[in-house]
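As structure tokens, the structure follows; a few thoughts come after it.
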Amino acid sequence: MNHLKRKEVAFLGKITAGITHEIKNVLAIIQESSGLMEDILDITEDGIFPHKDKFIKSLDRIRGQIQRGIDVTSRLNRFAHSSDHCPASLDLNEITEQMVLLASRFARLKNIVLESSPSDPPLIIKSDPVSLEMALFESIEILLNVMGSGGKITLSPRKIQDKCVLGIGYENNVLPEEDFMAKISSTERWTSLQKTMAFLGGTAKVFGLAPEILLYLPESIDD
Amino acid sequence: MDRMKILLVDDEKEFVSTLAERLELRNMNVSIAMDGEAALVVVENDPPQIVVLDVMMPGLSGLEVLEKIKSMDSKIQVILLTGHGATKDGIRGMQLGAFDYLIKPIDIDELIEKLNEAAKSMP
């Protein structure tokens with residue numbers, strides 16, 4: 001990434017991180033206000049407050065949605081801070097879990113479930129966080145665009161022959177490797193993914209009958 | 001048993017006033033301050049047992065306020081409120097003498113648990 005691009009990414013990251021703090025403050029106020037309502041309902045005797053049950057149910061729903069908002073903004077905040085350090089020490093389990101939350105909406109639009117399958121022990125590499133997240137997202141987009149509706153995409157960091165690999169696999173239908181490759185190789189996204197992976201010092205390959213993109217990553221890139 | 005005396009410090013007025021109401025419903029004696037300078041005035045004139053202090057505020061930062069509170073009265077316990085991605089502030093705060101830190105938005109039960117622990121551990 002050249003200097004100007006890096007500055008642009010850092011700028012976007014800084015602004016986004018600042019906005020997530022603001023959103024969290026809003027969520028904190030809604031949380032405390034609905035919490036106060038619950039407190040008051042708790043100390044109100046049954047029968048005095050009409051429709052008390054409906055209020056309790058409604059406040060439960062608000063609490064659930066606040067938690068959802070907190071989870072999303074926390075992930076977005078962490079994502080926004082990705083550009084703070086480069087290269088950085090990265091836990092591939094954390095990166096995949098983060099991407100599942102950030103990209104789930106895109107998958108949901110195609111009725112596809114996005115999930116991660118963490119490696120044990122966790123794989124830690126030194127890499128460019130923004131470019132790695134971009135490569136992961138490009139891989140998800142490729143699968144979303146070439147595969148049908150429904151099914152599941154699993155992000156699984158693992159070691160293959162002593163190499164750190166991020167697998168992005170689609171579990172719904174079986175597709176021979178050549179057919180899968182033919183489907184994706186002409187797409188702009190695949191070309192873009194190849195470039196991103198080259199920048200990261202790695203490669204992107206496809207594997208197996210069940211379509212899977214494998215991102216081979218070096219354990220460390222230069223500062 | 002005496003009511004626990006708390007000072008809440010945060011520049012988000014709606015947040016701090018609503019949280020104060022919730023703690024008062026739990027029989028705590030709560031005062032609020034919207035910035036570090038106002039907090040130090042309360043500590044000087046009507047010292048609380050425990051201060052719940054936001055780290056990120058305009059003017060004096062939470063960590064600066066913490067240091068001043070500790071130099072005024074080291075017995076006062078301080079619980080910091082930090083944002084996600086700012087846990088290093090919480091850790092730094094504990095090095096400066098804070099009792100503990102919580103990540104905003106907070107869970108009321110977790111806050112009460114911390115307040116009780118802080119009250120018990122007062123010198």
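How things are named: the first chain in the structure tokens is A, the next is B, and so on; residues count from 1 in each chain; ligands count from 1 in the order shown.
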Give me every alpha helix (DSSP H) residue in segment 9-223 of chain A, going by DSSP on the backbone, as a ChimeraX atom specification.
/A:9-42,52-80,92-108,129-146,177-185,188-199
Could the residues of chain B within 8 Å of chain A, counting only C-alpha atoms, be given as a list in words, please?
Glu12, Glu14, Phe15, Thr18, Leu19, Glu21, Arg22, Leu25, Gly83, His84, Gly85, Lys104, Pro105 and Ile106 of chain B
To test your reading of the structure, identify every residue in segment 32-72 of chain B that backbone DSSP assigns to strand (DSSP E), and report it as an MDAnalysis selection string.
chainID B and resid 32:33 50:54
Near segment 86-98 of chain A, within 10 Å and counting only C-alpha atoms, which residues show up once chain neighbours fewer than 6 positions away are dropped, as a PyMOL selection string?
chain A and resi 6+72+74-76+78-79+114-133+136-137+154-158+164-168+219-223
Save out the residues we just selected, N, CA and C atoms, as a compact mmCIF listing (two decimals), in the first residue's frame.
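Generated file (result-v5.txt):
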# COMPACT_ATOMS: atom_id res chain seq x y z
N ARG A 6 -2.34 4.55 2.41
CA ARG A 6 -2.27 4.23 3.84
C ARG A 6 -2.87 5.36 4.67
N VAL A 72 -22.25 -5.17 17.29
CA VAL A 72 -21.90 -4.70 15.94
C VAL A 72 -20.94 -3.50 16.03
N SER A 74 -18.97 -2.72 18.45
CA SER A 74 -17.66 -3.15 18.99
C SER A 74 -16.79 -3.72 17.87
N ARG A 75 -17.43 -4.56 17.02
CA ARG A 75 -16.69 -5.14 15.89
C ARG A 75 -16.25 -4.04 14.92
N LEU A 76 -17.17 -3.13 14.67
CA LEU A 76 -16.85 -2.04 13.73
C LEU A 76 -15.72 -1.18 14.29
N ARG A 78 -13.36 -2.22 16.32
CA ARG A 78 -12.10 -2.97 16.20
C ARG A 78 -11.62 -2.96 14.75
N PHE A 79 -12.58 -3.09 13.85
CA PHE A 79 -12.24 -3.05 12.42
C PHE A 79 -11.63 -1.69 12.06
N LEU A 114 -23.07 -17.38 7.46
CA LEU A 114 -21.62 -17.21 7.52
C LEU A 114 -21.16 -17.59 8.92
N GLU A 115 -20.16 -18.46 9.00
CA GLU A 115 -19.69 -18.83 10.34
C GLU A 115 -18.19 -19.10 10.31
N SER A 116 -17.61 -19.13 11.51
CA SER A 116 -16.17 -19.40 11.58
C SER A 116 -15.93 -20.70 12.34
N SER A 117 -14.83 -21.32 12.00
CA SER A 117 -14.44 -22.54 12.70
C SER A 117 -13.00 -22.32 13.18
N PRO A 118 -12.84 -21.89 14.44
CA PRO A 118 -11.53 -21.48 14.92
C PRO A 118 -10.51 -22.63 14.96
N SER A 119 -9.27 -22.27 14.82
CA SER A 119 -8.22 -23.29 14.91
C SER A 119 -7.76 -23.42 16.36
N ASP A 120 -7.36 -24.60 16.71
CA ASP A 120 -6.85 -24.84 18.06
C ASP A 120 -5.52 -25.57 17.94
N PRO A 121 -4.40 -24.97 18.32
CA PRO A 121 -4.25 -23.66 18.92
C PRO A 121 -4.45 -22.54 17.89
N PRO A 122 -4.68 -21.30 18.38
CA PRO A 122 -4.84 -20.19 17.44
C PRO A 122 -3.58 -19.96 16.61
N LEU A 123 -3.78 -19.50 15.38
CA LEU A 123 -2.63 -19.19 14.52
C LEU A 123 -2.38 -17.69 14.56
N ILE A 124 -1.17 -17.33 14.90
CA ILE A 124 -0.81 -15.91 14.97
C ILE A 124 0.18 -15.61 13.85
N ILE A 125 -0.12 -14.59 13.07
CA ILE A 125 0.83 -14.20 12.01
C ILE A 125 1.07 -12.69 12.10
N LYS A 126 2.17 -12.26 11.48
CA LYS A 126 2.44 -10.82 11.41
C LYS A 126 2.12 -10.39 9.99
N SER A 127 1.10 -9.54 9.85
CA SER A 127 0.66 -9.19 8.51
C SER A 127 0.02 -7.81 8.48
N ASP A 128 -0.44 -7.43 7.29
CA ASP A 128 -1.13 -6.15 7.12
C ASP A 128 -2.62 -6.40 7.41
N PRO A 129 -3.15 -5.87 8.52
CA PRO A 129 -4.52 -6.22 8.90
C PRO A 129 -5.57 -5.80 7.88
N VAL A 130 -5.44 -4.60 7.34
CA VAL A 130 -6.47 -4.11 6.41
C VAL A 130 -6.49 -4.96 5.13
N SER A 131 -5.31 -5.23 4.58
CA SER A 131 -5.25 -6.03 3.35
C SER A 131 -5.73 -7.46 3.59
N LEU A 132 -5.42 -7.99 4.76
CA LEU A 132 -5.86 -9.35 5.06
C LEU A 132 -7.39 -9.41 5.18
N GLU A 133 -7.94 -8.41 5.86
CA GLU A 133 -9.41 -8.37 5.97
C GLU A 133 -10.05 -8.21 4.59
N LEU A 136 -10.00 -11.52 2.78
CA LEU A 136 -11.03 -12.39 3.34
C LEU A 136 -12.41 -11.99 2.81
N PHE A 137 -12.65 -10.71 2.78
CA PHE A 137 -13.95 -10.22 2.31
C PHE A 137 -14.12 -10.48 0.81
N THR A 154 -18.08 -21.20 5.53
CA THR A 154 -17.32 -21.33 6.79
C THR A 154 -15.91 -20.78 6.59
N LEU A 155 -15.50 -19.94 7.52
CA LEU A 155 -14.13 -19.41 7.50
C LEU A 155 -13.31 -20.23 8.50
N SER A 156 -12.29 -20.89 7.99
CA SER A 156 -11.54 -21.76 8.91
C SER A 156 -10.03 -21.57 8.77
N PRO A 157 -9.43 -20.90 9.74
CA PRO A 157 -7.97 -20.82 9.75
C PRO A 157 -7.39 -22.18 10.14
N ARG A 158 -6.37 -22.60 9.48
CA ARG A 158 -5.75 -23.88 9.84
C ARG A 158 -4.36 -23.96 9.23
N CYS A 164 0.33 -21.45 7.11
CA CYS A 164 -0.89 -20.84 7.65
C CYS A 164 -1.87 -20.59 6.51
N VAL A 165 -3.07 -21.09 6.68
CA VAL A 165 -4.07 -20.98 5.61
C VAL A 165 -5.39 -20.51 6.19
N LEU A 166 -6.04 -19.63 5.43
CA LEU A 166 -7.41 -19.24 5.76
C LEU A 166 -8.31 -19.88 4.72
N GLY A 167 -9.16 -20.79 5.15
CA GLY A 167 -10.07 -21.44 4.21
C GLY A 167 -11.43 -20.75 4.23
N ILE A 168 -11.96 -20.50 3.02
CA ILE A 168 -13.30 -19.91 2.91
C ILE A 168 -14.10 -20.90 2.08
N GLU A 219 4.04 -16.39 7.50
CA GLU A 219 3.90 -16.15 8.94
C GLU A 219 4.29 -14.75 9.33
N SER A 220 5.06 -14.10 8.43
CA SER A 220 5.49 -12.74 8.76
C SER A 220 5.76 -11.95 7.48
N ILE A 221 5.40 -10.67 7.48
CA ILE A 221 5.80 -9.82 6.35
C ILE A 221 6.72 -8.72 6.90
N ASP A 222 7.50 -8.13 5.99
CA ASP A 222 8.46 -7.09 6.42
C ASP A 222 7.74 -5.82 6.86
N ASP A 223 8.39 -5.07 7.75
CA ASP A 223 7.84 -3.79 8.20
C ASP A 223 7.82 -2.80 7.05
Nearest to Met57 of chain B, chosen from B:Met34, B:Leu7, B:Leu40, B:Ile76, with only C-alpha atoms counted in the distances
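The answer is B:Met34, which sits nearest to Met57 of chain B.
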Which residues, written as a PyMOL selection string, have at least one atom at most 12 Å from segment 27-31 of chain B, with only C-alpha atoms counted and residues fewer than 6 positions away on the same chain left out?
chain B and resi 1-10+16-21+38-39+41-43+46-52+112+115-116+119
Please measure the separation of atom CA of Asn111 of chain A and atom CA of Gly151 of chain A, giving the value in Å to one decimal.
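For atom CA of Asn111 of chain A relative to atom CA of Gly151 of chain A, the distance reads 7.2 Å.
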Extract, using only C-alpha atoms, all DNA, RNA and protein residues at most 10 Å from Ala98 of chain B, discarding same-chain residues fewer than 3 positions from it, and format them as a ChimeraX atom specification.
/B:51-53,63,66-67,70,76-80,90-95,101,118
May I ask which of the residues A:Gly169, A:Lys52, A:Ser83, A:Val146 is the closest one to Ser186 of chain A, counting only C-alpha atoms?
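The answer is A:Val146, which sits nearest to Ser186 of chain A.
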